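Content type TSV, C-alpha atoms, from the file upload-v2.tsv:
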```
chain	number	residue	atom	x	y	z
A	1	MET	CA	-10.50	29.66	14.80
A	2	SER	CA	-6.82	30.53	14.89
A	3	THR	CA	-4.88	31.94	11.94
A	4	ALA	CA	-2.97	28.65	11.59
A	5	GLU	CA	-6.20	26.65	11.44
A	6	ALA	CA	-7.64	29.01	8.84
A	7	LEU	CA	-4.51	28.69	6.70
A	8	GLY	CA	-4.75	24.92	7.07
A	9	TYR	CA	-8.24	24.92	5.60
A	10	VAL	CA	-7.13	27.31	2.85
A	11	PHE	CA	-4.32	24.98	1.75
A	12	ASN	CA	-6.62	21.95	2.03
A	13	ALA	CA	-9.05	23.68	-0.31
A	14	LEU	CA	-6.23	24.75	-2.64
A	15	GLY	CA	-5.00	21.15	-2.73
A	16	PHE	CA	-8.44	19.91	-3.73
A	17	ALA	CA	-8.76	22.66	-6.35
A	18	THR	CA	-5.31	21.87	-7.75
A	19	GLY	CA	-6.08	18.18	-8.09
A	20	ALA	CA	-9.45	18.88	-9.71
A	21	THR	CA	-7.91	21.37	-12.16
A	22	VAL	CA	-5.22	18.90	-13.22
A	23	TYR	CA	-7.80	16.09	-13.54
A	24	PHE	CA	-10.15	18.04	-15.82
A	25	TRP	CA	-7.34	19.72	-17.77
A	26	GLU	CA	-5.82	16.35	-18.65
A	27	SER	CA	-9.21	14.79	-19.45
A	28	ARG	CA	-9.97	17.65	-21.84
A	29	ARG	CA	-6.52	17.41	-23.44
A	30	ARG	CA	-7.13	13.73	-24.13
A	31	GLY	CA	-10.63	14.32	-25.46
A	32	PHE	CA	-12.42	12.25	-22.81
A	33	ASN	CA	-16.18	12.43	-22.49
A	34	ALA	CA	-16.76	15.41	-20.18
A	35	SER	CA	-19.94	14.03	-18.60
A	36	GLN	CA	-18.36	10.67	-17.82
A	37	THR	CA	-15.18	12.16	-16.37
A	38	ARG	CA	-17.25	14.44	-14.12
A	39	GLU	CA	-19.27	11.46	-12.90
A	40	LEU	CA	-16.16	9.38	-12.25
A	41	ALA	CA	-14.53	12.30	-10.43
A	42	LEU	CA	-17.57	12.71	-8.17
A	43	ILE	CA	-17.68	8.98	-7.40
A	44	GLY	CA	-13.95	8.79	-6.71
A	45	VAL	CA	-13.90	11.84	-4.44
A	46	VAL	CA	-17.02	10.98	-2.44
A	47	VAL	CA	-16.11	7.33	-1.90
A	48	GLY	CA	-12.46	8.27	-1.29
A	49	ILE	CA	-13.38	10.74	1.47
A	50	LEU	CA	-15.77	8.23	3.03
A	51	ALA	CA	-13.15	5.46	2.91
A	52	ALA	CA	-10.51	7.79	4.33
A	53	THR	CA	-12.78	8.78	7.23
A	54	LEU	CA	-13.70	5.17	8.03
A	55	GLY	CA	-10.06	4.13	7.68
A	56	GLN	CA	-8.94	6.79	10.13
A	57	SER	CA	-11.64	5.70	12.59
A	58	PHE	CA	-10.48	2.08	12.37
A	59	TYR	CA	-6.86	3.21	12.79
A	60	GLU	CA	-7.78	5.09	15.96
A	61	TRP	CA	-9.51	1.98	17.30
A	62	ILE	CA	-6.32	-0.02	16.70
A	63	ARG	CA	-4.16	2.62	18.41
A	64	HIS	CA	-6.37	2.62	21.49
A	65	GLY	CA	-6.81	-1.13	21.68
A	66	PHE	CA	-10.46	-0.97	20.64
A	67	THR	CA	-11.21	0.70	23.97
A	68	ALA	CA	-11.87	4.27	22.83
A	69	LEU	CA	-14.13	5.94	20.36
A	70	PRO	CA	-12.42	7.11	17.17
A	71	SER	CA	-11.54	10.77	16.90
A	72	ALA	CA	-13.92	12.96	15.01
A	73	GLY	CA	-11.25	14.46	12.78
A	74	GLY	CA	-8.49	13.18	10.57
A	75	ARG	CA	-8.24	11.28	7.34
A	76	THR	CA	-5.97	8.57	6.02
A	77	ILE	CA	-5.01	9.19	2.40
A	78	LEU	CA	-3.89	5.58	1.93
A	79	ILE	CA	-7.34	4.08	2.49
A	80	GLY	CA	-8.94	6.97	0.64
A	81	VAL	CA	-6.88	6.27	-2.48
A	82	LEU	CA	-7.70	2.57	-2.35
A	83	GLY	CA	-11.40	3.16	-1.77
A	84	GLY	CA	-11.68	5.79	-4.49
A	85	TRP	CA	-9.79	3.63	-6.99
A	86	VAL	CA	-12.02	0.59	-6.39
A	87	ALA	CA	-15.15	2.75	-6.65
A	88	VAL	CA	-14.02	4.29	-9.96
A	89	GLU	CA	-13.15	0.91	-11.47
A	90	LEU	CA	-16.54	-0.49	-10.46
A	91	ALA	CA	-18.28	2.59	-11.85
A	92	LYS	CA	-16.42	2.26	-15.17
A	93	TRP	CA	-17.48	-1.37	-15.40
A	94	ARG	CA	-21.08	-0.49	-14.54
A	95	LEU	CA	-21.19	2.38	-17.06
A	96	GLY	CA	-19.38	0.45	-19.77
A	97	ILE	CA	-16.47	2.90	-19.95
A	98	ARG	CA	-13.48	1.35	-21.68
A	99	GLN	CA	-11.12	4.33	-21.71
A	100	LYS	CA	-8.20	4.13	-19.32
A	101	THR	CA	-8.60	6.99	-16.83
A	102	GLY	CA	-5.67	6.09	-14.57
A	103	VAL	CA	-3.55	8.90	-15.99
A	104	LEU	CA	-6.08	11.46	-14.74
A	105	TRP	CA	-5.75	10.24	-11.16
A	106	ALA	CA	-2.01	9.63	-11.49
A	107	LEU	CA	-1.57	13.35	-12.18
A	108	ALA	CA	-4.35	14.78	-10.02
A	109	LEU	CA	-3.63	12.96	-6.76
A	110	PRO	CA	0.04	13.96	-6.31
A	111	ALA	CA	-0.67	17.49	-7.55
A	112	GLY	CA	-3.38	17.92	-4.95
A	113	GLU	CA	-1.35	16.28	-2.18
A	114	ALA	CA	1.69	18.47	-2.86
A	115	VAL	CA	-0.42	21.52	-1.99
A	116	GLY	CA	-2.77	19.98	0.55
A	117	ARG	CA	0.05	18.64	2.77
A	118	ILE	CA	1.01	22.22	3.57
A	119	GLY	CA	-2.39	22.44	5.20
A	120	CYS	CA	-1.34	19.56	7.46
A	121	TRP	CA	1.52	21.72	8.71
A	122	PHE	CA	-0.82	24.53	9.72
A	123	HIS	CA	-3.31	22.08	11.27
A	124	GLY	CA	-0.49	20.50	13.29
A	125	CYS	CA	-1.32	16.97	12.16
A	126	CYS	CA	0.93	14.36	10.50
A	127	TYR	CA	3.89	15.77	12.45
A	128	GLY	CA	7.26	14.10	12.75
A	129	LYS	CA	9.32	12.53	15.49
A	130	VAL	CA	11.76	14.49	17.57
A	131	CYS	CA	15.08	15.15	15.82
A	132	HIS	CA	17.98	17.61	15.92
A	133	LEU	CA	18.68	18.04	12.25
A	134	PRO	CA	19.44	21.50	10.85
A	135	TRP	CA	16.07	21.62	9.08
A	136	ALA	CA	14.04	20.48	12.09
A	137	VAL	CA	10.90	22.50	12.85
A	138	TYR	CA	9.47	23.39	16.24
A	139	GLN	CA	6.06	21.83	16.63
A	140	HIS	CA	4.18	20.24	19.53
A	141	ASP	CA	6.75	21.49	22.08
A	142	ALA	CA	9.78	19.90	20.39
A	143	TRP	CA	12.08	20.09	17.38
A	144	ARG	CA	10.81	17.54	14.88
A	145	HIS	CA	11.12	16.17	11.36
A	146	PRO	CA	8.99	18.37	9.04
A	147	THR	CA	7.21	15.30	7.72
A	148	GLN	CA	4.37	17.36	6.26
A	149	PHE	CA	6.88	19.02	3.94
A	150	TYR	CA	8.60	15.69	3.25
A	151	LEU	CA	5.25	14.35	2.05
A	152	SER	CA	4.57	17.49	0.02
A	153	ALA	CA	7.97	17.27	-1.68
A	154	ALA	CA	7.50	13.56	-2.40
A	155	ALA	CA	4.12	14.28	-4.00
A	156	LEU	CA	5.65	17.03	-6.15
A	157	ILE	CA	8.38	14.65	-7.34
A	158	ASN	CA	5.70	12.06	-8.06
A	159	PHE	CA	3.77	14.55	-10.17
A	160	ILE	CA	6.87	15.57	-12.15
A	161	VAL	CA	7.80	11.95	-12.92
A	162	VAL	CA	4.25	11.00	-13.86
A	163	TYR	CA	3.94	14.03	-16.11
A	164	ARG	CA	7.12	12.90	-17.86
A	165	PHE	CA	5.62	9.43	-18.49
A	166	ARG	CA	1.97	10.49	-18.82
A	167	ASN	CA	1.60	8.80	-22.22
A	168	ARG	CA	2.67	5.37	-20.94
A	169	THR	CA	-0.03	2.79	-20.34
A	170	GLU	CA	1.41	1.94	-16.93
A	171	VAL	CA	1.42	5.55	-15.69
A	172	PHE	CA	-1.03	4.90	-12.83
A	173	ALA	CA	1.12	2.04	-11.57
A	174	ILE	CA	4.19	4.29	-11.77
A	175	SER	CA	2.44	6.88	-9.62
A	176	ILE	CA	1.37	4.28	-7.06
A	177	LEU	CA	4.89	2.83	-6.94
A	178	ILE	CA	6.50	6.21	-6.26
A	179	TRP	CA	3.85	7.13	-3.71
A	180	SER	CA	4.15	3.81	-1.87
A	181	ILE	CA	7.94	3.90	-1.69
A	182	SER	CA	7.96	7.50	-0.48
A	183	ARG	CA	5.45	6.66	2.25
A	184	MET	CA	7.53	3.67	3.38
A	185	VAL	CA	10.54	5.98	3.68
A	186	ILE	CA	8.74	8.85	5.43
A	187	GLU	CA	6.35	6.90	7.65
A	188	PRO	CA	8.99	5.81	10.23
A	189	LEU	CA	9.75	9.51	10.77
A	190	ARG	CA	6.16	10.35	11.73
A	191	ALA	CA	5.21	10.50	15.41
A	192	SER	CA	1.84	8.86	14.73
A	193	THR	CA	3.53	5.54	13.88
A	194	ASP	CA	4.90	4.98	17.39
A	195	THR	CA	2.05	2.70	18.46
A	196	THR	CA	1.37	0.90	15.18
A	197	PRO	CA	4.56	1.13	13.10
A	198	TRP	CA	3.63	-1.79	10.86
A	199	VAL	CA	0.25	-0.71	9.48
A	200	VAL	CA	1.03	1.86	6.78
A	201	PRO	CA	4.39	0.39	5.64
A	202	SER	CA	2.77	-3.03	5.24
A	203	LEU	CA	-0.05	-1.67	3.10
A	204	CYS	CA	2.37	0.45	1.07
A	205	ALA	CA	4.64	-2.55	0.49
A	206	ALA	CA	1.68	-4.50	-0.87
A	207	MET	CA	0.72	-1.59	-3.14
A	208	ALA	CA	4.32	-1.19	-4.34
A	209	LEU	CA	4.45	-4.91	-5.17
A	210	TRP	CA	1.20	-4.66	-7.14
A	211	ALA	CA	2.45	-1.57	-8.99
A	212	GLY	CA	5.79	-3.19	-9.79
A	213	ILE	CA	4.10	-6.26	-11.24
A	214	ARG	CA	1.79	-4.07	-13.34
A	215	ILE	CA	4.73	-2.06	-14.71
A	216	VAL	CA	6.72	-5.18	-15.64
A	217	ARG	CA	3.71	-6.82	-17.29
A	218	SER	CA	2.89	-3.67	-19.24
A	219	ARG	CA	6.46	-3.32	-20.49
A	220	ARG	CA	6.54	-6.95	-21.59
A	221	MET	CA	3.24	-6.61	-23.43
A	222	ARG	CA	4.52	-3.51	-25.21
A	223	GLN	CA	7.71	-5.29	-26.25
A	224	PHE	CA	5.75	-8.23	-27.64
A	225	SER	CA	3.39	-5.96	-29.58
A	226	GLU	CA	6.19	-3.93	-31.19
A	227	PRO	CA	7.26	-5.12	-34.68
A	228	ALA	CA	10.62	-6.85	-34.83
```
Structure encoded using C-alpha cells:
Amino acid sequence: MSTAEALGYVFNALGFATGATVYFWESRRRGFNASQTRELALIGVVVGILAATLGQSFYEWIRHGFTALPSAGGRTILIGVLGGWVAVELAKWRLGIRQKTGVLWALALPAGEAVGRIGCWFHGCCYGKVCHLPWAVYQHDAWRHPTQFYLSAAALINFIVVYRFRNRTEVFAISILIWSISRMVIEPLRASTDTTPWVVPSLCAAMALWAGIRIVRSRRMRQFSEPA
C-alpha cells in the first residue's frame, strides 16, 4: 500500500469518526434516547453503505453498457444518503419513535463528508476534468479541477449553514437542498460524468425540488401556527 492510499484510508476513517461524533454530540445535547439513537445510527450507516455499494455497481453497469462486471471498489454517496434515510424512517416507524432526528443527520453527514472527501484526493477517485485554472491540480497525468476539494468545501459550507439553522424544523431539508445544488454545480466538472452526465444532476434536481417543497411547507405551517 502506498503512502497516498494509506492517507486516503486515514481521512476516510476520520470522516466517519467526525460524522459519528457530531451525530452523538447533537443527540446528547437534545436529550434524545441514547439507545434509540445508537440503533438508528447503526441502521442508517449499514443500509447506507450497502445502498452506496449497490448504487455504484449499477452505475458501473450503465457506464459500460451492461457489458462489464461492476468494479469492486467505489461508493456513490447520493444513493447511500437516500438508502440510509429511507431505512431510518422505516426503522423509526417500526420502533414507534416520534422524535425528529433529521437534525442529527443534517449535521453529521456534511461534517463527515467535509473530512472524508480529502481521502478521495489521496485515493485518486472523484477527480475532475482537465482545466488550466490557477488552482488546478496535477492528477491522472493532467492538470485538473480539484473536485475532491470542491466537494469538501461545499460540505463544510453546508455544515456551517445547517448549524446556524439547527433549531428549525426544516433543517434536514435545508441540508439536502444545499447538498443537491452543490452537487449539480460540481458534477459537470468531474471526469466521471463524461459517459453519463445526466444521472447525478437529475437525481439531485429531484432531491432539491423535494427539499424546496418541504422548506416552503414548513415555513407556511409555522406562520399559520404563530399567534397574530
Which residues, written as a VMD selection string, have at least one atom at most 12 Å from Glu5 in chain A, with only C-alpha atoms counted and residues fewer than 3 positions away on the same chain left out?
chain A and resid 1 to 2 8 to 12 118 to 125
Separation of CA of Phe32 in chain A from CA of Arg164 in chain A in Å
20.2 Å
Smallest atom-to-atom distance to Phe16 in chain A: which of A:Ala205, A:Val115, A:Ala51, A:Val46, using all atoms listed in the file?
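The answer is A:Val115, which sits nearest to Phe16 in chain A.
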Point-to-point distance in Å for CA of Glu187 in chain A and CA of His145 in chain A:
11.1 Å
Which one of A:Ile186, A:Ile176, A:Ile160, A:Cys131 sits closest to Ile213 in chain A if you count all atoms listed in the file?
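Selected residue with least distance to Ile213 in chain A: A:Ile176.
Closest to Asn167 in chain A among A:Gly102, A:Pro110, A:Pro188, A:Pro134 is A:Gly102, based on only C-alpha atoms.
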Give me range 105-135 of chain A from this structure - N, CA and C atoms, as a short mmCIF file (atom, residue, chain, number, x, y, z; two decimals), in the first residue's frame.
```cif
data_model
loop_
_atom_site.label_atom_id
_atom_site.label_comp_id
_atom_site.auth_asym_id
_atom_site.auth_seq_id
_atom_site.Cartn_x
_atom_site.Cartn_y
_atom_site.Cartn_z
N TRP A 105 -28.69 13.93 11.32
CA TRP A 105 -28.08 13.57 10.04
C TRP A 105 -27.71 14.82 9.25
N ALA A 106 -28.51 15.88 9.40
CA ALA A 106 -28.22 17.12 8.67
C ALA A 106 -26.87 17.71 9.09
N LEU A 107 -26.48 17.49 10.33
CA LEU A 107 -25.19 17.96 10.82
C LEU A 107 -24.09 16.93 10.58
N ALA A 108 -24.40 15.67 10.82
CA ALA A 108 -23.37 14.62 10.76
C ALA A 108 -22.88 14.35 9.34
N LEU A 109 -23.79 14.30 8.38
CA LEU A 109 -23.40 13.94 7.01
C LEU A 109 -22.43 14.95 6.38
N PRO A 110 -22.74 16.26 6.39
CA PRO A 110 -21.77 17.19 5.80
C PRO A 110 -20.47 17.28 6.59
N ALA A 111 -20.55 17.14 7.92
CA ALA A 111 -19.33 17.17 8.73
C ALA A 111 -18.41 16.03 8.34
N GLY A 112 -18.97 14.84 8.20
CA GLY A 112 -18.18 13.68 7.80
C GLY A 112 -17.66 13.79 6.39
N GLU A 113 -18.49 14.31 5.47
CA GLU A 113 -18.07 14.41 4.07
C GLU A 113 -16.97 15.44 3.91
N ALA A 114 -17.03 16.53 4.67
CA ALA A 114 -16.01 17.57 4.56
C ALA A 114 -14.61 17.00 4.82
N VAL A 115 -14.52 16.06 5.75
CA VAL A 115 -13.24 15.43 6.06
C VAL A 115 -12.97 14.25 5.13
N GLY A 116 -13.98 13.43 4.92
CA GLY A 116 -13.80 12.22 4.13
C GLY A 116 -13.43 12.47 2.68
N ARG A 117 -13.88 13.60 2.10
CA ARG A 117 -13.57 13.89 0.70
C ARG A 117 -12.07 14.11 0.47
N ILE A 118 -11.36 14.50 1.53
CA ILE A 118 -9.91 14.63 1.40
C ILE A 118 -9.30 13.25 1.13
N GLY A 119 -9.92 12.23 1.70
CA GLY A 119 -9.48 10.87 1.41
C GLY A 119 -9.63 10.52 -0.06
N CYS A 120 -10.67 11.08 -0.71
CA CYS A 120 -10.85 10.84 -2.14
C CYS A 120 -9.66 11.37 -2.94
N TRP A 121 -9.12 12.51 -2.49
CA TRP A 121 -7.96 13.08 -3.16
C TRP A 121 -6.78 12.12 -3.11
N PHE A 122 -6.51 11.57 -1.95
CA PHE A 122 -5.38 10.66 -1.81
C PHE A 122 -5.62 9.34 -2.53
N HIS A 123 -6.88 8.90 -2.58
CA HIS A 123 -7.20 7.67 -3.32
C HIS A 123 -7.13 7.88 -4.84
N GLY A 124 -7.28 9.13 -5.27
CA GLY A 124 -7.27 9.42 -6.70
C GLY A 124 -8.61 9.23 -7.37
N CYS A 125 -9.68 9.10 -6.58
CA CYS A 125 -11.01 8.94 -7.16
C CYS A 125 -11.73 10.29 -7.17
N CYS A 126 -12.89 10.32 -7.83
CA CYS A 126 -13.72 11.53 -7.86
C CYS A 126 -12.96 12.73 -8.43
N TYR A 127 -12.00 12.48 -9.32
CA TYR A 127 -11.17 13.57 -9.83
C TYR A 127 -11.89 14.36 -10.92
N GLY A 128 -11.34 15.57 -11.18
CA GLY A 128 -12.01 16.49 -12.08
C GLY A 128 -11.56 16.40 -13.52
N LYS A 129 -12.21 17.18 -14.35
CA LYS A 129 -11.85 17.26 -15.76
C LYS A 129 -10.62 18.13 -15.94
N VAL A 130 -10.02 18.00 -17.08
CA VAL A 130 -8.83 18.78 -17.39
C VAL A 130 -9.18 20.27 -17.44
N CYS A 131 -8.35 21.10 -16.83
CA CYS A 131 -8.54 22.55 -16.86
C CYS A 131 -7.18 23.22 -16.73
N HIS A 132 -7.16 24.53 -16.92
CA HIS A 132 -5.91 25.29 -16.83
C HIS A 132 -6.07 26.49 -15.91
N LEU A 133 -6.87 26.32 -14.89
CA LEU A 133 -7.08 27.37 -13.92
C LEU A 133 -5.88 27.46 -12.97
N PRO A 134 -5.69 28.61 -12.33
CA PRO A 134 -4.55 28.77 -11.43
C PRO A 134 -4.51 27.76 -10.29
N TRP A 135 -5.68 27.28 -9.86
CA TRP A 135 -5.73 26.34 -8.74
C TRP A 135 -5.86 24.88 -9.20
#
```
